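Participant: If it helps, the file is called entry.tsv and holds TSV, C-alpha atoms:
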```tsv
chain	number	residue	atom	x	y	z
A	1	MET	CA	-16.42	-26.00	-17.16
A	2	GLU	CA	-12.95	-25.61	-15.69
A	3	GLN	CA	-12.94	-21.87	-16.52
A	4	ILE	CA	-16.30	-21.34	-14.76
A	5	LYS	CA	-14.99	-23.12	-11.66
A	6	SER	CA	-11.84	-20.97	-11.69
A	7	SER	CA	-13.94	-17.77	-11.93
A	8	VAL	CA	-16.08	-18.84	-8.96
A	9	ASN	CA	-12.93	-19.55	-6.94
A	10	ASP	CA	-11.54	-16.12	-7.81
A	11	VAL	CA	-14.74	-14.43	-6.65
A	12	GLU	CA	-14.47	-16.25	-3.33
A	13	ALA	CA	-10.77	-15.33	-3.11
A	14	VAL	CA	-11.55	-11.62	-3.62
A	15	GLU	CA	-14.05	-11.72	-0.79
A	16	ARG	CA	-11.61	-13.58	1.43
A	17	LEU	CA	-8.77	-11.15	0.69
A	18	SER	CA	-10.96	-8.17	1.55
A	19	GLU	CA	-11.80	-9.78	4.90
A	20	THR	CA	-8.16	-10.74	5.53
A	21	VAL	CA	-6.91	-7.19	4.91
A	22	GLY	CA	-9.30	-5.93	7.58
A	23	ARG	CA	-7.86	-8.40	10.09
A	24	ILE	CA	-4.29	-7.50	9.14
A	25	LYS	CA	-4.98	-3.80	9.77
A	26	GLN	CA	-6.66	-4.65	13.06
A	27	GLU	CA	-3.58	-6.55	14.28
A	28	ILE	CA	-1.15	-3.85	13.10
A	29	GLY	CA	-3.32	-1.27	14.87
A	30	LYS	CA	-2.48	-2.95	18.19
A	31	VAL	CA	1.10	-1.70	17.77
A	32	ILE	CA	1.05	1.17	15.26
A	33	ILE	CA	-1.13	4.19	15.99
A	34	GLY	CA	-2.26	6.20	12.96
A	35	GLN	CA	-0.37	6.09	9.62
A	36	HIS	CA	-3.40	4.45	7.98
A	37	GLN	CA	-2.53	5.52	4.42
A	38	ILE	CA	1.07	4.32	4.77
A	39	ILE	CA	-0.17	0.94	6.00
A	40	ASP	CA	-2.61	0.74	3.07
A	41	ASP	CA	0.14	1.55	0.58
A	42	LEU	CA	2.53	-1.00	2.10
A	43	LEU	CA	-0.12	-3.71	1.82
A	44	VAL	CA	-0.91	-2.72	-1.77
A	45	SER	CA	2.78	-2.94	-2.67
A	46	LEU	CA	3.18	-6.27	-0.90
A	47	PHE	CA	0.17	-7.90	-2.59
A	48	ALA	CA	1.25	-6.46	-5.97
A	49	ARG	CA	4.79	-7.89	-5.60
A	50	GLY	CA	6.32	-4.42	-5.49
A	51	HIS	CA	8.92	-2.73	-3.29
A	52	CYS	CA	8.71	0.54	-1.37
A	53	LEU	CA	11.00	3.49	-0.69
A	54	LEU	CA	9.94	5.10	2.59
A	55	ILE	CA	11.19	8.60	3.42
A	56	GLY	CA	10.76	10.01	6.91
A	57	VAL	CA	12.66	11.47	9.84
A	58	PRO	CA	13.97	9.12	12.56
A	59	GLY	CA	11.64	8.00	15.33
A	60	LEU	CA	8.44	7.50	13.31
A	61	ALA	CA	8.32	3.72	13.91
A	62	LYS	CA	9.35	2.66	10.41
A	63	THR	CA	11.21	-0.42	11.67
A	64	LEU	CA	8.48	-1.30	14.14
A	65	LEU	CA	5.84	-1.10	11.41
A	66	ILE	CA	7.70	-3.51	9.12
A	67	LYS	CA	8.52	-5.92	11.95
A	68	THR	CA	4.86	-5.92	12.98
A	69	LEU	CA	3.76	-6.55	9.39
A	70	ALA	CA	6.18	-9.48	9.09
A	71	GLU	CA	4.94	-10.98	12.36
A	72	VAL	CA	1.26	-10.67	11.45
A	73	LEU	CA	1.91	-12.30	8.07
A	74	ASP	CA	4.19	-15.00	9.55
A	75	LEU	CA	7.11	-13.95	7.33
A	76	SER	CA	10.84	-13.95	8.05
A	77	PHE	CA	12.29	-10.47	8.56
A	78	ASN	CA	15.80	-9.00	8.40
A	79	ARG	CA	16.96	-5.45	8.91
A	80	ILE	CA	20.10	-4.27	7.11
A	81	GLN	CA	21.64	-1.07	8.42
A	82	PHE	CA	23.33	0.58	5.44
A	83	THR	CA	26.63	2.29	6.28
A	84	PRO	CA	29.49	3.69	4.14
A	85	ASP	CA	31.65	0.62	4.82
A	86	LEU	CA	28.97	-1.96	3.96
A	87	MET	CA	30.07	-4.34	1.19
A	88	PRO	CA	27.86	-6.23	-1.32
A	89	GLY	CA	28.84	-9.54	0.28
A	90	ASP	CA	27.53	-8.28	3.61
A	91	ILE	CA	24.07	-8.23	2.01
A	92	THR	CA	24.01	-11.18	-0.37
A	93	GLY	CA	26.36	-13.51	1.49
A	94	THR	CA	29.91	-14.75	1.03
A	95	GLU	CA	31.94	-17.90	0.54
A	96	ILE	CA	34.02	-19.28	3.40
A	97	ILE	CA	36.56	-22.10	3.52
A	98	ASP	CA	35.21	-25.14	5.33
A	99	GLU	CA	36.71	-28.52	6.09
A	100	ASP	CA	35.14	-31.96	5.75
A	101	GLN	CA	35.66	-33.67	9.10
A	102	ALA	CA	35.81	-37.14	7.52
A	103	THR	CA	38.16	-36.53	4.58
A	104	LYS	CA	39.89	-33.42	5.96
A	105	LYS	CA	39.47	-31.82	2.54
A	106	ARG	CA	38.79	-28.11	2.35
A	107	TYR	CA	36.08	-26.60	0.20
A	108	PHE	CA	34.20	-23.34	-0.30
A	109	ARG	CA	30.79	-23.03	1.32
A	110	PHE	CA	28.34	-20.20	0.64
A	111	VAL	CA	26.93	-18.53	3.74
A	112	LYS	CA	23.69	-16.74	2.97
A	113	GLY	CA	23.46	-13.06	3.83
A	114	PRO	CA	20.58	-11.16	5.45
A	115	ILE	CA	18.87	-10.65	2.08
A	116	PHE	CA	17.59	-14.24	2.34
A	117	ALA	CA	14.36	-13.37	4.12
A	118	ASN	CA	10.78	-12.62	3.07
A	119	ILE	CA	10.78	-8.99	4.20
A	120	ILE	CA	13.93	-6.84	4.07
A	121	LEU	CA	14.25	-3.44	5.73
A	122	ALA	CA	17.12	-1.58	4.01
A	123	ASP	CA	17.61	1.15	6.59
A	124	GLU	CA	19.07	4.45	5.28
A	125	ILE	CA	19.91	2.92	1.91
A	126	ASN	CA	21.47	6.18	0.64
A	127	ARG	CA	24.28	5.97	3.22
A	128	THR	CA	26.11	3.22	1.34
A	129	PRO	CA	28.09	3.52	-1.95
A	130	PRO	CA	26.45	2.69	-5.31
A	131	LYS	CA	28.29	-0.65	-5.57
A	132	THR	CA	26.54	-1.91	-2.46
A	133	GLN	CA	23.22	-0.34	-3.45
A	134	ALA	CA	23.44	-2.27	-6.73
A	135	ALA	CA	23.60	-5.55	-4.81
A	136	LEU	CA	19.88	-5.13	-4.19
A	137	LEU	CA	19.02	-4.63	-7.88
A	138	GLU	CA	19.18	-8.25	-9.02
A	139	ALA	CA	17.39	-9.46	-5.90
A	140	MET	CA	14.55	-6.93	-6.25
A	141	GLN	CA	14.00	-7.57	-9.94
A	142	GLU	CA	14.97	-11.20	-10.50
A	143	TYR	CA	14.39	-12.64	-6.99
A	144	LYS	CA	17.78	-14.31	-7.01
A	145	VAL	CA	21.38	-13.77	-5.91
A	146	THR	CA	24.47	-14.66	-7.94
A	147	ALA	CA	27.63	-15.46	-5.98
A	148	ALA	CA	30.81	-17.07	-7.37
A	149	GLY	CA	28.96	-18.13	-10.51
A	150	GLU	CA	26.19	-19.86	-8.60
A	151	ILE	CA	22.56	-18.71	-8.58
A	152	TYR	CA	20.61	-18.82	-5.33
A	153	LYS	CA	16.87	-18.21	-5.53
A	154	LEU	CA	15.22	-16.09	-2.88
A	155	ASP	CA	12.30	-17.46	-0.92
A	156	GLN	CA	8.91	-16.10	-1.97
A	157	PRO	CA	7.26	-13.77	-1.16
A	158	PHE	CA	10.09	-11.20	-1.21
A	159	PHE	CA	9.47	-7.59	-0.22
A	160	VAL	CA	12.08	-4.83	0.13
A	161	LEU	CA	11.34	-1.65	2.03
A	162	ALA	CA	14.15	0.90	1.92
A	163	THR	CA	14.23	4.01	4.11
A	164	GLN	CA	15.89	7.39	3.69
A	165	ASN	CA	16.36	10.26	6.11
A	166	PRO	CA	15.30	13.51	4.36
A	167	ILE	CA	17.16	15.75	6.82
A	168	GLU	CA	20.82	14.73	6.67
A	169	GLN	CA	22.29	14.70	3.16
A	170	GLU	CA	25.97	15.01	4.05
A	171	GLY	CA	27.86	11.78	3.43
A	172	THR	CA	25.05	10.18	1.44
A	173	TYR	CA	24.94	8.62	-2.02
A	174	PRO	CA	21.73	9.48	-3.91
A	175	LEU	CA	20.08	6.45	-5.46
A	176	PRO	CA	20.54	6.27	-9.25
A	177	GLU	CA	17.41	6.48	-11.39
A	178	ALA	CA	17.76	2.81	-12.42
A	179	GLN	CA	17.45	1.72	-8.81
A	180	LEU	CA	14.73	4.25	-7.96
A	181	ASP	CA	12.67	2.83	-10.81
A	182	ARG	CA	12.73	-0.60	-9.14
A	183	PHE	CA	10.60	0.75	-6.29
A	184	MET	CA	6.86	0.61	-6.89
A	185	PHE	CA	6.08	3.40	-4.42
A	186	ASN	CA	7.89	6.39	-2.96
A	187	LEU	CA	6.12	7.05	0.34
A	188	TRP	CA	6.60	10.04	2.65
A	189	LEU	CA	5.95	9.38	6.33
A	190	ASP	CA	4.49	12.40	8.15
A	191	TYR	CA	4.55	13.28	11.83
A	192	PRO	CA	1.61	11.94	13.86
A	193	SER	CA	-1.19	14.27	14.92
A	194	VAL	CA	-1.28	15.57	18.51
A	195	ASN	CA	-3.94	13.05	19.56
A	196	GLU	CA	-2.06	10.20	17.90
A	197	GLU	CA	1.18	11.21	19.60
A	198	ILE	CA	-0.58	11.27	22.98
A	199	GLN	CA	-1.76	7.69	22.37
A	200	ILE	CA	1.74	6.70	21.25
A	201	ILE	CA	3.31	8.07	24.43
A	202	LYS	CA	0.73	6.32	26.62
A	203	SER	CA	1.28	2.93	24.97
A	204	THR	CA	5.08	3.07	24.67
A	205	THR	CA	5.77	4.28	28.21
A	206	SER	CA	3.71	1.58	29.92
A	207	ASP	CA	4.30	-2.14	30.43
A	208	TYR	CA	1.61	-3.06	27.90
A	209	THR	CA	2.79	-5.67	25.37
A	210	PRO	CA	0.29	-6.42	22.59
A	211	SER	CA	-0.28	-10.01	21.56
A	212	LEU	CA	-0.33	-10.32	17.78
A	213	LYS	CA	-2.16	-13.07	15.90
A	214	LYS	CA	-0.81	-14.47	12.66
A	215	VAL	CA	-3.38	-13.70	9.98
A	216	LEU	CA	-1.83	-15.05	6.78
A	217	THR	CA	0.60	-17.77	5.72
A	218	LYS	CA	3.23	-17.48	3.00
A	219	GLU	CA	1.25	-19.83	0.79
A	220	ASP	CA	-1.94	-17.77	1.14
A	221	LEU	CA	-0.05	-14.54	0.45
A	222	SER	CA	1.45	-16.00	-2.74
A	223	ALA	CA	-2.01	-17.16	-3.83
A	224	PHE	CA	-3.41	-13.65	-3.29
A	225	GLN	CA	-0.50	-12.16	-5.26
A	226	ASN	CA	-1.35	-14.47	-8.16
A	227	LEU	CA	-5.01	-13.47	-7.85
A	228	ILE	CA	-4.13	-9.79	-8.38
A	229	ARG	CA	-2.60	-10.65	-11.76
A	230	ARG	CA	-5.81	-12.36	-12.88
A	231	VAL	CA	-8.04	-9.38	-12.06
A	232	PRO	CA	-9.20	-7.72	-15.31
A	233	ALA	CA	-8.83	-3.98	-15.94
A	234	ALA	CA	-11.08	-2.11	-18.37
A	235	GLN	CA	-9.57	-0.62	-21.52
A	236	ASN	CA	-10.40	2.97	-20.49
A	237	VAL	CA	-8.66	2.48	-17.12
A	238	ILE	CA	-5.49	1.22	-18.81
A	239	GLU	CA	-5.63	4.05	-21.37
A	240	TYR	CA	-5.96	6.63	-18.58
A	241	ALA	CA	-2.85	5.29	-16.82
A	242	VAL	CA	-0.82	5.12	-20.04
A	243	ASN	CA	-1.92	8.58	-21.24
A	244	PHE	CA	-1.10	10.17	-17.88
A	245	VAL	CA	2.37	8.61	-17.78
A	246	ASN	CA	2.89	9.61	-21.42
A	247	SER	CA	2.03	13.22	-20.56
A	248	THR	CA	5.08	13.36	-18.27
A	249	ARG	CA	7.49	12.74	-21.13
A	250	TYR	CA	9.34	15.59	-22.74
A	251	GLY	CA	8.00	16.58	-26.13
A	252	THR	CA	4.69	14.70	-25.86
A	253	ASN	CA	1.40	15.80	-24.33
A	254	SER	CA	3.29	17.68	-21.63
A	255	SER	CA	3.79	20.58	-24.08
A	256	LYS	CA	0.01	21.02	-24.33
A	257	VAL	CA	-0.31	21.83	-20.64
A	258	ASN	CA	2.84	23.95	-20.42
A	259	MET	CA	4.85	21.11	-18.85
A	260	LYS	CA	7.62	20.97	-21.44
A	261	GLU	CA	9.73	23.55	-19.63
A	262	LEU	CA	9.18	21.91	-16.22
A	263	ILE	CA	10.15	18.30	-16.90
A	264	SER	CA	13.66	17.13	-17.75
A	265	TRP	CA	12.77	13.45	-17.82
A	266	GLY	CA	9.45	11.65	-17.58
A	267	ALA	CA	8.30	8.28	-16.31
A	268	GLY	CA	8.86	5.03	-18.22
A	269	PRO	CA	6.48	2.14	-18.97
A	270	ARG	CA	7.09	0.59	-15.56
A	271	ALA	CA	5.10	3.49	-14.07
A	272	SER	CA	2.04	2.49	-16.13
A	273	GLN	CA	2.44	-1.12	-15.05
A	274	TYR	CA	2.61	-0.17	-11.37
A	275	LEU	CA	-0.38	2.18	-11.65
A	276	ILE	CA	-2.56	-0.62	-12.99
A	277	LEU	CA	-1.22	-3.18	-10.52
A	278	ALA	CA	-1.82	-0.79	-7.62
A	279	ALA	CA	-5.34	0.00	-8.85
A	280	LYS	CA	-6.11	-3.72	-9.20
A	281	THR	CA	-4.80	-4.44	-5.71
A	282	LYS	CA	-6.75	-1.60	-4.12
A	283	ALA	CA	-9.96	-2.77	-5.79
A	284	VAL	CA	-9.52	-6.36	-4.62
A	285	MET	CA	-8.57	-5.28	-1.10
A	286	GLU	CA	-11.89	-3.42	-0.97
A	287	GLY	CA	-13.85	-6.40	-2.28
A	288	ARG	CA	-14.29	-5.12	-5.86
A	289	PHE	CA	-13.58	-7.21	-8.94
A	290	THR	CA	-12.14	-4.57	-11.28
A	291	PRO	CA	-10.37	-1.22	-10.77
A	292	SER	CA	-11.66	2.22	-11.75
A	293	ILE	CA	-9.93	5.39	-12.93
A	294	ASP	CA	-10.25	6.77	-9.39
A	295	ASP	CA	-8.17	3.82	-8.19
A	296	VAL	CA	-5.45	4.83	-10.65
A	297	LYS	CA	-5.62	8.48	-9.52
A	298	ARG	CA	-5.14	7.38	-5.91
A	299	PHE	CA	-1.62	6.15	-6.70
A	300	LEU	CA	-0.38	8.83	-9.11
A	301	ILE	CA	1.84	10.53	-6.52
A	302	PRO	CA	3.47	7.47	-4.86
A	303	VAL	CA	4.15	5.85	-8.25
A	304	LEU	CA	5.34	8.94	-10.16
A	305	ARG	CA	6.97	11.05	-7.44
A	306	HIS	CA	10.40	9.44	-7.94
A	307	ARG	CA	10.05	8.87	-11.68
A	308	ILE	CA	9.62	12.48	-12.84
A	309	ILE	CA	12.76	14.62	-12.91
A	310	PRO	CA	11.89	18.34	-12.79
A	311	SER	CA	13.96	20.73	-14.88
A	312	PHE	CA	16.45	23.17	-13.36
A	313	ASN	CA	14.04	26.06	-13.93
A	314	ALA	CA	11.22	24.19	-12.19
A	315	LEU	CA	13.36	23.44	-9.15
A	316	ALA	CA	14.53	27.05	-9.05
A	317	ASP	CA	10.87	28.13	-8.89
A	318	GLY	CA	10.14	25.64	-6.10
A	319	ILE	CA	8.20	23.27	-8.35
A	320	ASP	CA	8.87	19.64	-7.46
A	321	SER	CA	7.59	16.39	-8.98
A	322	VAL	CA	4.47	16.35	-6.78
A	323	SER	CA	3.51	19.84	-7.98
A	324	ILE	CA	3.94	18.69	-11.58
A	325	ILE	CA	1.72	15.64	-10.96
A	326	ASN	CA	-0.96	17.85	-9.44
A	327	ARG	CA	-0.83	20.21	-12.45
A	328	LEU	CA	-1.16	17.30	-14.86
A	329	THR	CA	-4.10	15.95	-12.86
A	330	GLU	CA	-5.92	19.29	-13.09
A	331	ASN	CA	-5.46	19.29	-16.86
```
Here is a file; write its structure as structure tokens.

Facilitator:
Amino acid sequence: MEQIKSSVNDVEAVERLSETVGRIKQEIGKVIIGQHQIIDDLLVSLFARGHCLLIGVPGLAKTLLIKTLAEVLDLSFNRIQFTPDLMPGDITGTEIIDEDQATKKRYFRFVKGPIFANIILADEINRTPPKTQAALLEAMQEYKVTAAGEIYKLDQPFFVLATQNPIEQEGTYPLPEAQLDRFMFNLWLDYPSVNEEIQIIKSTTSDYTPSLKKVLTKEDLSAFQNLIRRVPAAQNVIEYAVNFVNSTRYGTNSSKVNMKELISWGAGPRASQYLILAAKTKAVMEGRFTPSIDDVKRFLIPVLRHRIIPSFNALADGIDSVSIINRLTEN
């Protein structure tokens, strides 16, 4: 009887989430013009408990988009500007010497860093050395921070969106594969269309200030994230995701479609996990109760783009990871 009641509640929750997503997009649309697919992918990643790496030139409203999302969802937001002199303690926090006013005794007190927020914008993450980049690893994976032997849990939900500038590479530190693999999606932000840019100029050069309504609470968001995990996926959908990821690995199915010479390193099991999670989330956001193979196909590029390492010969021929994904899809 309890199981039947739980199933009925989940059906109602799916319908509610689908309606809520529509209202979230409507509120974001008051501030952000266009970029519909990027907004969809950010919401999918957020509801799936993932993190995003966003690549785009300056001036495309990346910060504004994340701030708007945090405001609509009633979540705390911090922006961390990554620079070459940024230290790990500047992100996680540091201990300071304090004094008890009554006893006059001195003691160490931990002061939390900017990572203690629900949504973190790691701006130009590749401008800081690997030691500082690694400070995000534990937080993104374990949702906690360790400082001076003490463990501090991060408030849930916790969502990291890191940005990179694709133009300037001088003085940057490329993210290691271990850290890239922590990001659910690798998203590329394109320029707006002419009509969208006209609307952007009209709205940003006037005295119009949109009034945003809070659509979701932290508790509701956490409940929806738990709901995604309970959504069932058919065996053939899971097999499609696993077989596709397996075909990117050197010496496996990739040799059958002439991919062996193009791929130096393929995607790991985390790619399969994220494909299924993304497909589940997309289905629920659209009011459906189980994902399809088409849902998996929709996220092949954002999930695998940063997990496939093309060979030297492939790069010399102008074949990048997206081209390899498209070739695998055709086969």

Participant: Which one of A:Asp155, A:Asp190, A:Asp74, A:Asp295 sits closest to A:Leu275 if you count only C-alpha atoms?

Facilitator: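 Checking each of A:Asp155, A:Asp190, A:Asp74, A:Asp295 against A:Leu275, counting only C-alpha atoms, the winner is A:Asp295.
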
Participant: Could you tell me how far atom CA of A:Leu161 lies from atom CA of A:Pro88, in Å and to one decimal?

Facilitator: 17.5 Å

Participant: One decimal, Å: what's the distance from atom CA of A:Ile325 over to atom CA of A:Ile308, could you say?

Facilitator: 8.7 Å

Participant: Would you please work out which residue, of A:Ala314, A:Ile201, A:Cys52, A:Ile276, is nearest to A:Glu239 when using all atoms listed in the file?

Facilitator: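 Residue with the minimum atom-to-atom distance to A:Glu239: A:Ile276.
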
Participant: Near A:Pro130, counting all atoms listed in the file, which residues have an atom at most 10 Å away, once you skip same-chain residues fewer than 3 positions from it, shown as a ChimeraX atom specification?

Facilitator: /A:84,88,125-127,133-135,173-176,179

Participant: Which residues come within 9 Å of A:Asp40, counting all atoms listed in the file, excluding same-chain residues fewer than 5 positions away, as a list in words?

Facilitator: Lys25, Gln35, Ser45 and Lys282 of chain A

Participant: Could you tell me how far atom CA of A:Gly59 sits from atom CA of A:Leu43, in Å to one decimal place?

Facilitator: 21.4 Å

Participant: Excluding A:Leu277 and any residue of its chain fewer than 3 positions from it, enumerate the residues within 9 Å of it, using only C-alpha atoms, and give them as a PyMOL selection string.

Facilitator: chain A and resi 44-45+48+228-229+272-274+280-282

Participant: For A:Pro114, which residue out of A:Ala147, A:Ile91, A:Leu187, A:Ala241 is the nearest one, using only C-alpha atoms?

Facilitator: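 Using only C-alpha atoms, the shortest distance to A:Pro114 belongs to A:Ile91.
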
Participant: Any idea what's packed within 10 Å of A:Ser76, counting all atoms listed in the file, ignoring anything in its chain fewer than 2 positions away? Could you give it as a ChimeraX atom specification?

Facilitator: /A:67,70-71,73-74,78,116-120,155,157-158,218

Participant: So that I can check the surroundings of A:Thr128, please list as a JSON list (two decimals) with C-alpha atoms, keeping the file's coordinate frame every protein, DNA and RNA residue that reaches within 8 Å of it, counting all atoms listed in the file and ignoring chain neighbours fewer than 6 positions away.

Facilitator:
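The result, written out as out.json:
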```json
[["chain", "number", "residue", "atom", "x", "y", "z"],
["A", 82, "PHE", "CA", 23.33, 0.58, 5.44],
["A", 83, "THR", "CA", 26.63, 2.29, 6.28],
["A", 84, "PRO", "CA", 29.49, 3.69, 4.14],
["A", 85, "ASP", "CA", 31.65, 0.62, 4.82],
["A", 86, "LEU", "CA", 28.97, -1.96, 3.96],
["A", 172, "THR", "CA", 25.05, 10.18, 1.44],
["A", 173, "TYR", "CA", 24.94, 8.62, -2.02]]
```

Participant: Counting only C-alpha atoms, which of A:Phe289, A:His306, A:Thr92, A:Leu121 gets nearest to A:Leu180?

Facilitator: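 For A:Leu180, the nearest of the given residues is A:His306.
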
Participant: Just need the box for stretch 175-183 of chain A, edges along x, y and z, holding every atom the file lists for it with 8 Å tacked onto each side, so centre and edge lengths in Å to one decimal, as AutoDock Vina command-line options.

Facilitator:
```
--center_x 15.6 --center_y 2.9 --center_z -8.9 --size_x 25.9 --size_y 23.1 --size_z 23.0
```

Participant: For a quick check of understanding, using all atoms listed in the file, which of A:Asp10, A:Phe159, A:Leu304, A:Gly149 has the smallest distance to A:Phe77?

Facilitator: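 Checking each of A:Asp10, A:Phe159, A:Leu304, A:Gly149 against A:Phe77, counting all atoms listed in the file, the winner is A:Phe159.
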
Participant: For A:Pro210, which residue among A:Pro192, A:Gly34, A:Pro310, A:Gly29 is the nearest when counting only C-alpha atoms?

Facilitator: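 Among A:Pro192, A:Gly34, A:Pro310, A:Gly29, it is A:Gly29 that comes nearest to A:Pro210.
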
Participant: In the coordinate frame of the file, compute which residues have an atom within 9 Å of (19.0, 9.4, 5.9) when using all atoms listed in the file, and state them as a ChimeraX atom specification.

Facilitator: /A:55-58,123-127,163-169,172

Participant: Rebuild stretch 273-291 of chain A so that it carries N, CA and C atoms, then output the result as a PDB file, in the coordinates of the input.

Facilitator:
```
ATOM      1  N   GLN A 273       2.664   0.216 -15.594  1.00  0.00           N
ATOM      2  CA  GLN A 273       2.440  -1.120 -15.050  1.00  0.00           C
ATOM      3  C   GLN A 273       2.082  -1.045 -13.566  1.00  0.00           C
ATOM      4  N   TYR A 274       2.849  -0.261 -12.812  1.00  0.00           N
ATOM      5  CA  TYR A 274       2.610  -0.170 -11.370  1.00  0.00           C
ATOM      6  C   TYR A 274       1.300   0.538 -11.052  1.00  0.00           C
ATOM      7  N   LEU A 275       0.908   1.512 -11.865  1.00  0.00           N
ATOM      8  CA  LEU A 275      -0.380   2.180 -11.650  1.00  0.00           C
ATOM      9  C   LEU A 275      -1.533   1.189 -11.773  1.00  0.00           C
ATOM     10  N   ILE A 276      -1.491   0.358 -12.790  1.00  0.00           N
ATOM     11  CA  ILE A 276      -2.560  -0.620 -12.990  1.00  0.00           C
ATOM     12  C   ILE A 276      -2.512  -1.701 -11.914  1.00  0.00           C
ATOM     13  N   LEU A 277      -1.329  -2.178 -11.572  1.00  0.00           N
ATOM     14  CA  LEU A 277      -1.220  -3.180 -10.520  1.00  0.00           C
ATOM     15  C   LEU A 277      -1.733  -2.643  -9.182  1.00  0.00           C
ATOM     16  N   ALA A 278      -1.365  -1.400  -8.869  1.00  0.00           N
ATOM     17  CA  ALA A 278      -1.820  -0.790  -7.620  1.00  0.00           C
ATOM     18  C   ALA A 278      -3.333  -0.619  -7.619  1.00  0.00           C
ATOM     19  N   ALA A 279      -3.886  -0.184  -8.750  1.00  0.00           N
ATOM     20  CA  ALA A 279      -5.340   0.000  -8.850  1.00  0.00           C
ATOM     21  C   ALA A 279      -6.058  -1.345  -8.705  1.00  0.00           C
ATOM     22  N   LYS A 280      -5.525  -2.390  -9.344  1.00  0.00           N
ATOM     23  CA  LYS A 280      -6.110  -3.720  -9.200  1.00  0.00           C
ATOM     24  C   LYS A 280      -6.093  -4.165  -7.742  1.00  0.00           C
ATOM     25  N   THR A 281      -4.950  -3.984  -7.099  1.00  0.00           N
ATOM     26  CA  THR A 281      -4.800  -4.440  -5.710  1.00  0.00           C
ATOM     27  C   THR A 281      -5.747  -3.696  -4.792  1.00  0.00           C
ATOM     28  N   LYS A 282      -5.844  -2.388  -4.961  1.00  0.00           N
ATOM     29  CA  LYS A 282      -6.750  -1.600  -4.120  1.00  0.00           C
ATOM     30  C   LYS A 282      -8.190  -2.069  -4.298  1.00  0.00           C
ATOM     31  N   ALA A 283      -8.597  -2.313  -5.530  1.00  0.00           N
ATOM     32  CA  ALA A 283      -9.960  -2.770  -5.790  1.00  0.00           C
ATOM     33  C   ALA A 283     -10.242  -4.100  -5.093  1.00  0.00           C
ATOM     34  N   VAL A 284      -9.317  -5.047  -5.224  1.00  0.00           N
ATOM     35  CA  VAL A 284      -9.520  -6.360  -4.620  1.00  0.00           C
ATOM     36  C   VAL A 284      -9.510  -6.268  -3.098  1.00  0.00           C
ATOM     37  N   MET A 285      -8.620  -5.441  -2.546  1.00  0.00           N
ATOM     38  CA  MET A 285      -8.570  -5.280  -1.100  1.00  0.00           C
ATOM     39  C   MET A 285      -9.871  -4.712  -0.545  1.00  0.00           C
ATOM     40  N   GLU A 286     -10.612  -3.992  -1.378  1.00  0.00           N
ATOM     41  CA  GLU A 286     -11.890  -3.420  -0.970  1.00  0.00           C
ATOM     42  C   GLU A 286     -13.078  -4.273  -1.415  1.00  0.00           C
ATOM     43  N   GLY A 287     -12.780  -5.484  -1.922  1.00  0.00           N
ATOM     44  CA  GLY A 287     -13.850  -6.400  -2.280  1.00  0.00           C
ATOM     45  C   GLY A 287     -14.451  -6.168  -3.646  1.00  0.00           C
ATOM     46  N   ARG A 288     -13.785  -5.375  -4.505  1.00  0.00           N
ATOM     47  CA  ARG A 288     -14.290  -5.120  -5.860  1.00  0.00           C
ATOM     48  C   ARG A 288     -13.512  -5.982  -6.857  1.00  0.00           C
ATOM     49  N   PHE A 289     -14.145  -6.244  -8.007  1.00  0.00           N
ATOM     50  CA  PHE A 289     -13.580  -7.210  -8.940  1.00  0.00           C
ATOM     51  C   PHE A 289     -12.873  -6.577 -10.131  1.00  0.00           C
ATOM     52  N   THR A 290     -12.867  -5.256 -10.206  1.00  0.00           N
ATOM     53  CA  THR A 290     -12.140  -4.570 -11.280  1.00  0.00           C
ATOM     54  C   THR A 290     -11.851  -3.136 -10.831  1.00  0.00           C
ATOM     55  N   PRO A 291     -10.715  -2.572 -11.217  1.00  0.00           N
ATOM     56  CA  PRO A 291     -10.370  -1.220 -10.770  1.00  0.00           C
ATOM     57  C   PRO A 291     -11.039  -0.138 -11.606  1.00  0.00           C
TER      58      PRO A 291
END
```
